[in-house]
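Undergrad: Here it is, the structure in full.
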Amino acid sequence: MASLIQDRLTTDQDLLQMQEGTLMRKVRSKSWKKPRYFRLQNDGMTVWHARQARGSEKPTFSISDVETVRKGHDSELLRSLADEFPLEQGFTIVFHGRRPNLDLIANSVKEAQNWMRGLQLLVDLVTSMDQKERLDQWLSDLFQRGDKNQDGRMTFEEVRRLLRLMNVEMDQEYAFGLFQEADMSNSGTLEGEEFVYFYQALTKRTEVHEMFEQFSDDGQKLTLLEFVDFLREEQKERERASDLALELIDRYEPSESGKLRHVLSLDGFLSYLCSKDGDIFNPACLPIYQDMTQPLTHYFISSSHNTYLVGDQLCGQSSVEGYIRALKRGCRCVEVDVWDGPNGEPIVYHGHTLTSRILFKDVVATVKQYAFQASEYPLILSLENHCTWEQQLTMVRHLTEILDDQLLSSTLDGLLPTQLPSPEQLKGKILVKGKKLGTLEDDLEDEEEVTEPQLERQQGSELPLGSPSEPVTLELSHLNKDKKKKSRSVLCPALSALVVYLKSVSFRSFTHSKENYHFYEISSFSETKAKSLVKEAGNEFVQHNAWQLSRVYPSGLRTDSSNYNPQELWNVGCQMVAMNMQTAGLEMDICDGLFRQNSGCGYVLKPDFLRDIQSSFNPEKPLSPFKAQTLLVQVISGQQLPKVNNTKERSIVDPLVRVEIYGIRPDTTCQETNYVENNGFNPYWGQTLCFRVLVPELAMLRFVVQDYDWKSRNDFIGQYTLPWTCMKQGYRHIHLLSKDGISIHPASIFVYICIREMEELQPGESEF
């Protein structure tokens with residue numbers, strides 16, 4: 001049962017060295033640096049650590065948790081220790097999701113390179129695995145966990161222990177029967193291939209077998225015609241069913257003779273159902289599939305609040321890591337709060353709090369490096385400027401010199417536009433959102449270039465920020481005031497000139513905006529203000545967002561960096577609903593779910609009724625012509641659900657499935673199945689839930705698996721969230737994600753999905 005990784009463990013010099021173990025310094029801060037002994041385990045998939053070479057070892061991380069490995073030069077923390085250690089001896093392990101990075105310093109450059117190369121090799125191997133290889137690796141890991149004395153074989157006692165670790169409560173006689181069947185060598189133990197046979201017997205999908213026999217005439221195979229019928233009638237593939245059937249047989253049928261005869265065996269059928277083609281998320285929605293040539297106002301834009309924070313809002317750490325994580329997940333609007341710093345260098349932090357500080361130029365350099373790694377579409381820098389004139393000039397210098405031609409500093413063609421440009425036109429560009437002196441029209445009329453000496457001469461004539469007669473008021477005035485003479489901050493024209501299409505203006509009323517503002521001006525709303533406007537003037541808000549951009553940010557009371565539900569603001573077409581991306585939970589699941597489509601590029605086209613400035617839509621009072629739909633979800637079964645508490649070997653989960661819908665208020669609802677007692681391995685529910693939805697174009701679905709607990713709140717096991725418009729019908733697997741949004745392969749639930757127009761379903765009629 002040797003896996004791809006096992007083969008490399010015995011031949012690759014770096015991996016051999018890692019298996020012997022290495023003493024390194026683990027670094028948490030400039031003052032916390034402690035020696036730890038790290039060792040790659042024999043499974044090639046986990047790294048353990050101890051306080052000393054032969055000390056008691058504890059698991060540190062799994063290779064599947066690692067996203068990448070960075071050199072010491074690329075680590076914010078290790079760079080701060082460059083006076084103490086050569087940067088070449090340091091490296092950083094970056095994990096998926098929100099887990100903090102692990103910074104390590106080896107005792108030599110050679111040891112650091114051993115670990116960097118070895119870890120990256122393992123990460124690349126895991127990333128490149130196909131579905132079968134991932135399962136083989138998972139089985140290999142299982143075998144390693146179960147083989148307690150590591151002798152390469154498993155006794156029945158070891159198998160029983162492993163079953164509990166796998167979330168299986170099974171009759172001992174039945175389990176022993178499967179064990180004896182698999183023990184083909186009659187040795188009283190299971191070796192590699194025997195364990196695979198045992199696992200296959202254990203995971204036999206009875207419900208899929210029954211389905212297969214239902215659609216197959218002879219119960220042995222699906223002919224091409226039978227499979228075409230299944231795809232057309234059950235999977236709702238319609239006119240493409242014939243071509244798709246041939247593709248899928250070629251892709252998933254394991255036997256060459258089956259491929260030649262264009263038939264699908266039970267194994268091939270199950271492979272298809274568990275694959276991306278059998279996933280609930282429509283593969284057609286994964287690449288860029290939407291029109292990207294409409295004005296920016298016509299898109300929902302993935303946005304981050306106080307991006308520099310990786311913790312809470314009062315005492316949390318400010319770090320460029322916040323920008324790296326946001327940008328790598330496709331975020332297209334990041335926030336930068338800039339204040340005067342020492343030595344003439346502006347700093348970024350949450351003003352009036354104890355949050356730590358980082359250099360503005362480091363933020364800009366990080367933005368340049370990561371801006372277009374996950375998406376080529378425009379990135380918006382939301383600047384909150386609290387700096388004095390001199391440090392604003394420094395900001396301008398850093399922005400222009402570091403970002404260079406990525407920075408948009410004039411209209412695309414030098415002409416006055418009549419609407420905002422599109423994401424397509426702005427590809428590869430970074431736009432500054434902030435306060436601006438005068439209008440875009442003034443900028444274009446003034447042909448004369450402004451130089452720094454001219455700016456200094458103009459300083460006395462500029463209005464101070466905060467002047468009541470000037471619409472460039474900053475909400476927070478500059479803190480660092482001269483004790484003898486209080487000087488008021490002034491917006492520097494050079495910084496003002498970098499704001500082209502995204503001029504920040506204060507919101508007074510929708511009528512005031514319509515009469516006084518331009519399409520290139522943008523207002524920001526606190527969540528409280530925005531929610532009250534949704535209730536009081538939903539339709540006006542919709543019309544406003546059809547021609548002007550809106551940014552919504554979390555309430556100042558959310559000092560713990562908690563989030564609000566973005567759905568309520570999307571319902572009126574607010575484009576930039578800023579989230580505390582460092583905080584996992586329901587709200588970020590919904591946000592991630594929406595932006596999972598369209599290649600995760602951070603731009604999602606709004607429904608047509610949210611792009612029309614004369615739209616009659618009001619989410620509080622939705623009227624026709626919206627076509628209501630009925631959704632039937634048959635929750636069939638679950639597969640390999642993880643334990644909630646890995647420390648309790650004897651605890652087995654009692655899973656239930658909860659289906660939640662988020663959309664306009666009348667559509668927001670949830671239903672759940674009964675729980676299945678003591679079975680997280682292959683629970684069967686077979687229950688149908690029915691939902692009626694008025695505005696499916698705005699609906700998000702969240703499937704949550706929980707461990708039932710009669711004494712307290714149910715425990716979270718896994719979830720998956722997606723837009724209604726990206727959901728496939730038919731028999732589908734839902735591959736679950738952790739609280740942090742990371743795959744918990746091979747955990748999944750199996751469902752049947754059917755959507756009908758409301759009038760199609762007669763009263764009392766059921767699909768099943």
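Residue numbers start at 1 in each chain; chains themselves are named A, B, ... in the order of the structure tokens; ligands are numbered from 1 in the order shown.
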Quick one: residues within 8 Å of range 373-383 of chain A, only C-alpha atoms counted, chain neighbours fewer than 3 positions away excluded, as a PyMOL selection string?

TA: chain A and resi 327-330+332-338+370+423-424+426-434+600-603

Undergrad: Keeping N, CA and C atoms, export the residues of the selection given above as a tab-separated table (two decimals), in the first residue's frame.

TA:
```tsv
chain	number	residue	atom	x	y	z
A	327	LEU	N	-5.26	39.11	0.23
A	327	LEU	CA	-5.03	39.15	-1.22
A	327	LEU	C	-4.98	37.74	-1.80
A	328	LYS	N	-4.43	36.79	-1.05
A	328	LYS	CA	-4.34	35.42	-1.58
A	328	LYS	C	-5.71	34.74	-1.64
A	329	ARG	N	-6.70	35.28	-0.90
A	329	ARG	CA	-8.03	34.69	-0.99
A	329	ARG	C	-8.91	35.48	-1.98
A	330	GLY	N	-8.28	36.37	-2.77
A	330	GLY	CA	-9.02	37.05	-3.83
A	330	GLY	C	-9.65	38.37	-3.42
A	332	ARG	N	-10.39	42.16	-3.09
A	332	ARG	CA	-10.07	43.22	-4.06
A	332	ARG	C	-10.19	44.63	-3.50
A	333	CYS	N	-10.46	44.75	-2.20
A	333	CYS	CA	-10.43	46.07	-1.57
A	333	CYS	C	-9.84	45.90	-0.17
A	334	VAL	N	-8.64	46.46	0.04
A	334	VAL	CA	-7.99	46.37	1.34
A	334	VAL	C	-7.91	47.75	1.97
A	335	GLU	N	-7.91	47.78	3.30
A	335	GLU	CA	-7.94	49.06	4.01
A	335	GLU	C	-6.58	49.36	4.63
A	336	VAL	N	-6.17	50.63	4.52
A	336	VAL	CA	-4.89	51.06	5.07
A	336	VAL	C	-5.11	52.32	5.90
A	337	ASP	N	-4.98	52.22	7.23
A	337	ASP	CA	-5.09	53.38	8.14
A	337	ASP	C	-3.69	53.93	8.36
A	338	VAL	N	-3.42	55.14	7.86
A	338	VAL	CA	-2.06	55.67	7.89
A	338	VAL	C	-1.95	56.86	8.84
A	370	TYR	N	1.75	40.84	-3.85
A	370	TYR	CA	0.64	39.87	-3.81
A	370	TYR	C	-0.64	40.34	-4.52
A	423	PRO	N	-14.05	46.10	-14.63
A	423	PRO	CA	-12.92	45.31	-14.14
A	423	PRO	C	-11.98	44.89	-15.28
A	424	GLU	N	-12.55	44.59	-16.44
A	424	GLU	CA	-11.74	44.19	-17.60
A	424	GLU	C	-10.79	45.30	-18.02
A	426	LEU	N	-9.65	47.66	-16.20
A	426	LEU	CA	-8.73	48.02	-15.11
A	426	LEU	C	-7.83	46.86	-14.68
A	427	LYS	N	-7.79	45.80	-15.46
A	427	LYS	CA	-6.95	44.64	-15.13
A	427	LYS	C	-5.53	45.07	-14.78
A	428	GLY	N	-5.00	44.50	-13.69
A	428	GLY	CA	-3.61	44.76	-13.33
A	428	GLY	C	-3.36	46.14	-12.73
A	429	LYS	N	-4.43	46.87	-12.41
A	429	LYS	CA	-4.28	48.23	-11.87
A	429	LYS	C	-4.67	48.29	-10.39
A	430	ILE	N	-3.95	49.17	-9.66
A	430	ILE	CA	-4.27	49.43	-8.25
A	430	ILE	C	-4.86	50.83	-8.17
A	431	LEU	N	-6.07	50.94	-7.60
A	431	LEU	CA	-6.78	52.22	-7.51
A	431	LEU	C	-6.76	52.70	-6.06
A	432	VAL	N	-6.56	53.99	-5.88
A	432	VAL	CA	-6.60	54.57	-4.54
A	432	VAL	C	-7.99	55.15	-4.29
A	433	LYS	N	-8.58	54.75	-3.15
A	433	LYS	CA	-9.84	55.35	-2.70
A	433	LYS	C	-9.52	56.25	-1.52
A	434	GLY	N	-9.97	57.49	-1.58
A	434	GLY	CA	-9.68	58.39	-0.47
A	434	GLY	C	-10.25	59.78	-0.72
A	600	GLY	N	-12.91	32.85	-8.32
A	600	GLY	CA	-12.47	33.45	-7.05
A	600	GLY	C	-11.76	34.76	-7.27
A	601	CYS	N	-12.16	35.50	-8.34
A	601	CYS	CA	-11.42	36.72	-8.73
A	601	CYS	C	-11.80	37.93	-7.89
A	602	GLY	N	-12.81	37.80	-6.99
A	602	GLY	CA	-13.17	38.91	-6.11
A	602	GLY	C	-14.22	39.84	-6.68
A	603	TYR	N	-14.69	39.57	-7.90
A	603	TYR	CA	-15.76	40.35	-8.53
A	603	TYR	C	-16.87	39.40	-8.96
```

Undergrad: With only C-alpha atoms counted and 10 Å as the cut-off, give the residues of range 315-354 of chain A in contact with range 395-413 of chain A, each with its shortest interatomic distance in Å and the pair that gives it, as JSON lines.

TA:
```
{"residue": "A:Val338", "atom": "CA", "partner": "A:Met395", "partner_atom": "CA", "distance": 8.9}
{"residue": "A:Glu345", "atom": "CA", "partner": "A:Met395", "partner_atom": "CA", "distance": 8.3}
{"residue": "A:Pro346", "atom": "CA", "partner": "A:Met395", "partner_atom": "CA", "distance": 7.0}
{"residue": "A:Ile347", "atom": "CA", "partner": "A:Met395", "partner_atom": "CA", "distance": 9.8}
```

Undergrad: May I have all residues of range 146-299 of chain A that DSSP, computed from the backbone, assigns to helix (DSSP H, G or I), given as a ChimeraX atom specification?

TA: /A:146,156-165,172-182,192-202,206-215,224-234,238-252,256-261,266-274,276-278,283-285,296-298

Undergrad: Please identify all polymer residues within 12 Å of Val542 in chain A, counting only C-alpha atoms, omitting same-chain residues fewer than 3 positions from it, and present them as an NGL selection string.

TA: :A and (297-298 or 510 or 530 or 533-535 or 537-539 or 545-550 or 568-575 or 606-620)

Undergrad: Keeping only N, CA, C and O atoms, write the selected residues as a compact mmCIF listing (two decimals), in the first residue's frame.

TA:
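To be explicit, this is the file written out as result_6.txt:
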```txt
# COMPACT_ATOMS: atom_id res chain seq x y z
N THR A 297 -19.61 49.57 -10.58
CA THR A 297 -20.81 49.63 -9.73
C THR A 297 -21.69 48.40 -9.87
O THR A 297 -22.54 48.14 -9.02
N HIS A 298 -21.52 47.64 -10.95
CA HIS A 298 -22.40 46.50 -11.24
C HIS A 298 -21.91 45.20 -10.61
O HIS A 298 -22.46 44.14 -10.89
N PHE A 510 -30.08 60.01 0.05
CA PHE A 510 -30.04 59.55 -1.34
C PHE A 510 -30.35 60.69 -2.31
O PHE A 510 -29.77 60.79 -3.38
N ALA A 530 -26.19 51.47 7.46
CA ALA A 530 -26.60 50.79 6.23
C ALA A 530 -27.83 49.92 6.47
O ALA A 530 -28.77 49.93 5.66
N LEU A 533 -30.93 52.01 6.65
CA LEU A 533 -31.34 52.48 5.32
C LEU A 533 -32.01 51.37 4.52
O LEU A 533 -32.93 51.62 3.74
N VAL A 534 -31.55 50.12 4.71
CA VAL A 534 -32.18 48.98 4.03
C VAL A 534 -33.64 48.90 4.44
O VAL A 534 -34.53 48.72 3.59
N LYS A 535 -33.90 49.06 5.73
CA LYS A 535 -35.28 48.95 6.23
C LYS A 535 -36.13 50.15 5.83
O LYS A 535 -37.29 50.02 5.44
N ALA A 537 -35.45 52.63 3.41
CA ALA A 537 -35.48 53.08 2.02
C ALA A 537 -34.80 52.06 1.11
O ALA A 537 -33.87 52.38 0.37
N GLY A 538 -35.25 50.82 1.18
CA GLY A 538 -34.62 49.73 0.45
C GLY A 538 -34.51 49.98 -1.05
O GLY A 538 -33.45 49.78 -1.64
N ASN A 539 -35.59 50.44 -1.66
CA ASN A 539 -35.55 50.67 -3.11
C ASN A 539 -34.63 51.82 -3.50
O ASN A 539 -33.89 51.74 -4.49
N ASN A 545 -27.11 52.30 -5.50
CA ASN A 545 -26.00 51.38 -5.76
C ASN A 545 -25.91 50.94 -7.22
O ASN A 545 -24.95 50.27 -7.60
N ALA A 546 -26.88 51.32 -8.02
CA ALA A 546 -26.81 51.00 -9.45
C ALA A 546 -25.91 52.01 -10.18
O ALA A 546 -25.43 51.73 -11.28
N TRP A 547 -25.66 53.21 -9.56
CA TRP A 547 -24.82 54.20 -10.26
C TRP A 547 -23.62 54.67 -9.44
O TRP A 547 -22.66 55.23 -9.97
N GLN A 548 -23.67 54.43 -8.12
CA GLN A 548 -22.55 54.87 -7.28
C GLN A 548 -22.10 53.72 -6.36
O GLN A 548 -22.91 52.90 -5.94
N LEU A 549 -20.80 53.69 -6.08
CA LEU A 549 -20.27 52.65 -5.20
C LEU A 549 -20.57 52.95 -3.73
O LEU A 549 -20.58 54.11 -3.33
N SER A 550 -20.80 51.90 -2.96
CA SER A 550 -20.98 52.02 -1.51
C SER A 550 -20.04 51.05 -0.82
O SER A 550 -19.85 49.93 -1.28
N GLU A 568 -27.52 40.92 3.97
CA GLU A 568 -28.50 42.00 4.08
C GLU A 568 -28.09 43.22 3.24
O GLU A 568 -28.92 43.93 2.70
N LEU A 569 -26.77 43.46 3.13
CA LEU A 569 -26.25 44.60 2.37
C LEU A 569 -26.14 44.27 0.89
O LEU A 569 -26.36 45.14 0.03
N TRP A 570 -25.82 43.02 0.58
CA TRP A 570 -25.82 42.59 -0.84
C TRP A 570 -27.23 42.68 -1.42
O TRP A 570 -27.39 42.95 -2.61
N ASN A 571 -28.24 42.46 -0.57
CA ASN A 571 -29.62 42.48 -1.05
C ASN A 571 -30.02 43.83 -1.66
O ASN A 571 -30.94 43.90 -2.47
N VAL A 572 -29.33 44.93 -1.24
CA VAL A 572 -29.62 46.24 -1.84
C VAL A 572 -28.51 46.65 -2.82
O VAL A 572 -28.47 47.79 -3.27
N GLY A 573 -27.60 45.73 -3.10
CA GLY A 573 -26.58 46.00 -4.12
C GLY A 573 -25.33 46.70 -3.63
O GLY A 573 -24.54 47.18 -4.46
N CYS A 574 -25.11 46.78 -2.30
CA CYS A 574 -23.86 47.39 -1.80
C CYS A 574 -22.69 46.56 -2.33
O CYS A 574 -22.64 45.34 -2.13
N GLN A 575 -21.75 47.24 -2.99
CA GLN A 575 -20.68 46.51 -3.67
C GLN A 575 -19.59 46.04 -2.71
O GLN A 575 -19.13 44.90 -2.78
N LYS A 606 -23.66 41.57 -10.21
CA LYS A 606 -24.92 41.63 -9.46
C LYS A 606 -26.08 41.21 -10.38
O LYS A 606 -26.00 41.37 -11.60
N PRO A 607 -27.19 40.69 -9.83
CA PRO A 607 -28.36 40.39 -10.66
C PRO A 607 -28.83 41.65 -11.38
O PRO A 607 -28.62 42.77 -10.89
N ASP A 608 -29.50 41.48 -12.52
CA ASP A 608 -29.87 42.64 -13.35
C ASP A 608 -30.73 43.66 -12.61
O ASP A 608 -30.60 44.87 -12.83
N PHE A 609 -31.60 43.20 -11.68
CA PHE A 609 -32.48 44.14 -10.97
C PHE A 609 -31.73 44.98 -9.94
O PHE A 609 -32.28 45.91 -9.37
N LEU A 610 -30.44 44.66 -9.69
CA LEU A 610 -29.62 45.50 -8.82
C LEU A 610 -28.66 46.38 -9.64
O LEU A 610 -27.85 47.10 -9.07
N ARG A 611 -28.78 46.33 -10.97
CA ARG A 611 -27.90 47.13 -11.84
C ARG A 611 -28.68 48.20 -12.59
O ARG A 611 -28.12 48.94 -13.39
N ASP A 612 -29.97 48.29 -12.32
CA ASP A 612 -30.86 49.21 -13.05
C ASP A 612 -31.17 50.41 -12.16
O ASP A 612 -31.74 50.25 -11.08
N ILE A 613 -30.80 51.64 -12.62
CA ILE A 613 -31.03 52.82 -11.77
C ILE A 613 -32.52 53.14 -11.60
O ILE A 613 -32.88 53.95 -10.74
N GLN A 614 -33.37 52.50 -12.40
CA GLN A 614 -34.82 52.70 -12.23
C GLN A 614 -35.49 51.45 -11.65
O GLN A 614 -36.70 51.30 -11.71
N SER A 615 -34.68 50.57 -11.07
CA SER A 615 -35.20 49.31 -10.53
C SER A 615 -36.30 49.57 -9.50
O SER A 615 -36.22 50.51 -8.71
N SER A 616 -37.31 48.71 -9.52
CA SER A 616 -38.40 48.83 -8.53
C SER A 616 -38.18 47.87 -7.36
O SER A 616 -39.01 47.78 -6.46
N PHE A 617 -37.05 47.15 -7.38
CA PHE A 617 -36.81 46.11 -6.38
C PHE A 617 -36.58 46.69 -4.99
O PHE A 617 -35.82 47.64 -4.81
N ASN A 618 -37.26 46.10 -4.02
CA ASN A 618 -37.04 46.43 -2.61
C ASN A 618 -36.97 45.11 -1.85
O ASN A 618 -37.96 44.38 -1.80
N PRO A 619 -35.81 44.76 -1.27
CA PRO A 619 -35.69 43.45 -0.62
C PRO A 619 -36.65 43.27 0.55
O PRO A 619 -36.96 42.15 0.93
N GLU A 620 -37.11 44.39 1.12
CA GLU A 620 -38.06 44.29 2.24
C GLU A 620 -39.47 43.99 1.75
O GLU A 620 -40.29 43.47 2.48
```

Undergrad: Within 8 Å of range 438-442 of chain A, counting only C-alpha atoms, which residues qualify if same-chain residues fewer than 5 places away don't, as a PyMOL selection string?

TA: chain A and resi 416+500-501

Undergrad: Among range 268-357 of chain A, which ones does DSSP assign to strand (DSSP E) (computed from the backbone)? Answer as a ChimeraX atom specification.

TA: /A:299-301,303-304,333-339,347-348

Undergrad: Would you pick out the contacts of range 696-708 of chain A at 8 Å or less, using only C-alpha atoms, so that residues sharing its chain but fewer than 3 positions from it are not included, and give the list as a PyMOL selection string?

TA: chain A and resi 571+590+593-594+607+627-629+644+653-664+667+675+693+713-725

Undergrad: Restrict the selected residues to N, CA, C and O atoms and save them as a compact mmCIF listing (two decimals), in the first residue's frame.

TA:
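Full text of out-v1.txt as output:
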```txt
# COMPACT_ATOMS: atom_id res chain seq x y z
N ASN A 571 -28.24 42.46 -0.57
CA ASN A 571 -29.62 42.48 -1.05
C ASN A 571 -30.02 43.83 -1.66
O ASN A 571 -30.94 43.90 -2.47
N ILE A 590 -20.47 32.70 4.37
CA ILE A 590 -21.36 33.27 3.35
C ILE A 590 -20.56 34.10 2.36
O ILE A 590 -20.75 34.01 1.14
N GLY A 593 -18.54 31.85 0.25
CA GLY A 593 -19.45 31.14 -0.65
C GLY A 593 -19.79 31.94 -1.88
O GLY A 593 -19.76 31.43 -3.01
N LEU A 594 -20.09 33.23 -1.70
CA LEU A 594 -20.43 34.07 -2.85
C LEU A 594 -19.25 34.21 -3.80
O LEU A 594 -19.39 34.10 -5.02
N PRO A 607 -27.19 40.69 -9.83
CA PRO A 607 -28.36 40.39 -10.66
C PRO A 607 -28.83 41.65 -11.38
O PRO A 607 -28.62 42.77 -10.89
N LYS A 627 -39.24 35.27 -10.18
CA LYS A 627 -39.77 33.91 -10.32
C LYS A 627 -39.39 33.08 -9.11
O LYS A 627 -38.25 32.66 -8.96
N ALA A 628 -40.36 32.87 -8.25
CA ALA A 628 -40.11 32.07 -7.05
C ALA A 628 -39.85 30.62 -7.43
O ALA A 628 -40.35 30.14 -8.44
N GLN A 629 -39.04 29.95 -6.61
CA GLN A 629 -38.71 28.56 -6.88
C GLN A 629 -38.84 27.72 -5.62
O GLN A 629 -38.78 28.25 -4.50
N VAL A 644 -15.28 15.32 16.42
CA VAL A 644 -15.27 16.69 16.93
C VAL A 644 -14.15 16.85 17.95
O VAL A 644 -13.45 17.85 17.99
N VAL A 653 -19.39 10.61 17.03
CA VAL A 653 -20.35 11.70 16.81
C VAL A 653 -21.75 11.17 16.51
O VAL A 653 -21.92 10.05 16.03
N ASP A 654 -22.74 12.02 16.80
CA ASP A 654 -24.16 11.77 16.47
C ASP A 654 -24.56 12.84 15.45
O ASP A 654 -25.12 13.87 15.82
N PRO A 655 -24.26 12.62 14.16
CA PRO A 655 -24.38 13.73 13.20
C PRO A 655 -25.81 14.01 12.73
O PRO A 655 -26.64 13.11 12.62
N LEU A 656 -26.04 15.29 12.47
CA LEU A 656 -27.27 15.73 11.78
C LEU A 656 -26.84 16.76 10.73
O LEU A 656 -25.76 17.32 10.80
N VAL A 657 -27.71 16.97 9.75
CA VAL A 657 -27.42 17.95 8.69
C VAL A 657 -28.43 19.08 8.77
O VAL A 657 -29.65 18.85 8.85
N ARG A 658 -27.90 20.29 8.76
CA ARG A 658 -28.74 21.49 8.83
C ARG A 658 -28.56 22.23 7.50
O ARG A 658 -27.43 22.50 7.08
N VAL A 659 -29.67 22.54 6.83
CA VAL A 659 -29.61 23.29 5.57
C VAL A 659 -30.15 24.70 5.84
O VAL A 659 -31.30 24.86 6.27
N GLU A 660 -29.28 25.70 5.60
CA GLU A 660 -29.64 27.10 5.88
C GLU A 660 -29.70 27.87 4.57
O GLU A 660 -28.87 27.67 3.68
N ILE A 661 -30.69 28.75 4.46
CA ILE A 661 -30.78 29.63 3.28
C ILE A 661 -30.71 31.07 3.75
O ILE A 661 -31.41 31.47 4.71
N TYR A 662 -29.86 31.86 3.09
CA TYR A 662 -29.72 33.29 3.37
C TYR A 662 -30.03 34.06 2.10
O TYR A 662 -29.51 33.73 1.03
N GLY A 663 -30.90 35.04 2.22
CA GLY A 663 -31.27 35.85 1.06
C GLY A 663 -32.05 37.05 1.56
O GLY A 663 -31.72 37.62 2.60
N ILE A 664 -33.12 37.42 0.85
CA ILE A 664 -33.98 38.47 1.39
C ILE A 664 -34.65 37.92 2.64
O ILE A 664 -34.71 36.70 2.84
N ASP A 667 -36.90 34.86 2.66
CA ASP A 667 -36.26 33.63 2.18
C ASP A 667 -35.28 33.04 3.18
O ASP A 667 -34.83 31.91 3.02
N TYR A 675 -30.85 13.32 14.03
CA TYR A 675 -29.45 12.92 14.18
C TYR A 675 -29.35 11.39 14.10
O TYR A 675 -30.30 10.66 14.39
N VAL A 693 -38.48 29.74 -2.17
CA VAL A 693 -37.64 30.94 -2.21
C VAL A 693 -38.17 31.93 -3.24
O VAL A 693 -38.40 31.57 -4.40
N ARG A 713 -25.23 23.26 23.17
CA ARG A 713 -25.29 23.53 21.73
C ARG A 713 -24.60 22.43 20.96
O ARG A 713 -23.58 21.89 21.38
N ASN A 714 -25.15 22.11 19.78
CA ASN A 714 -24.52 21.11 18.93
C ASN A 714 -23.12 21.58 18.53
O ASN A 714 -22.88 22.78 18.35
N ASP A 715 -22.20 20.63 18.36
CA ASP A 715 -20.84 20.96 17.94
C ASP A 715 -20.74 20.98 16.42
O ASP A 715 -21.34 20.14 15.73
N PHE A 716 -19.95 21.89 15.91
CA PHE A 716 -19.72 22.03 14.47
C PHE A 716 -18.80 20.91 13.97
O PHE A 716 -17.78 20.61 14.58
N ILE A 717 -19.17 20.28 12.84
CA ILE A 717 -18.31 19.26 12.23
C ILE A 717 -17.73 19.78 10.91
O ILE A 717 -16.53 19.71 10.68
N GLY A 718 -18.59 20.33 10.06
CA GLY A 718 -18.12 20.84 8.77
C GLY A 718 -19.24 21.59 8.06
O GLY A 718 -20.41 21.48 8.45
N GLN A 719 -18.89 22.35 7.03
CA GLN A 719 -19.90 23.11 6.29
C GLN A 719 -19.47 23.31 4.84
O GLN A 719 -18.30 23.14 4.50
N TYR A 720 -20.45 23.69 4.02
CA TYR A 720 -20.15 24.12 2.65
C TYR A 720 -21.22 25.12 2.25
O TYR A 720 -22.41 24.88 2.46
N THR A 721 -20.79 26.26 1.71
CA THR A 721 -21.72 27.34 1.36
C THR A 721 -21.53 27.71 -0.10
O THR A 721 -20.40 27.82 -0.59
N LEU A 722 -22.65 27.92 -0.81
CA LEU A 722 -22.56 28.28 -2.23
C LEU A 722 -23.79 29.08 -2.64
O LEU A 722 -24.84 29.02 -1.99
N PRO A 723 -23.68 29.85 -3.75
CA PRO A 723 -24.84 30.59 -4.25
C PRO A 723 -25.85 29.63 -4.88
O PRO A 723 -25.46 28.65 -5.53
N TRP A 724 -27.12 29.94 -4.73
CA TRP A 724 -28.20 29.16 -5.35
C TRP A 724 -27.93 29.02 -6.85
O TRP A 724 -28.12 27.95 -7.43
N THR A 725 -27.47 30.11 -7.48
CA THR A 725 -27.28 30.13 -8.93
C THR A 725 -26.12 29.24 -9.40
O THR A 725 -25.96 29.01 -10.60
```

Undergrad: Using only C-alpha atoms, which of the listed residues (A:Lys221, A:Arg325, A:His262, A:Lys204) sits closest to Asp250 in chain A?

TA: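 Looking at the shortest contact to Asp250 in chain A, the residue is A:His262.
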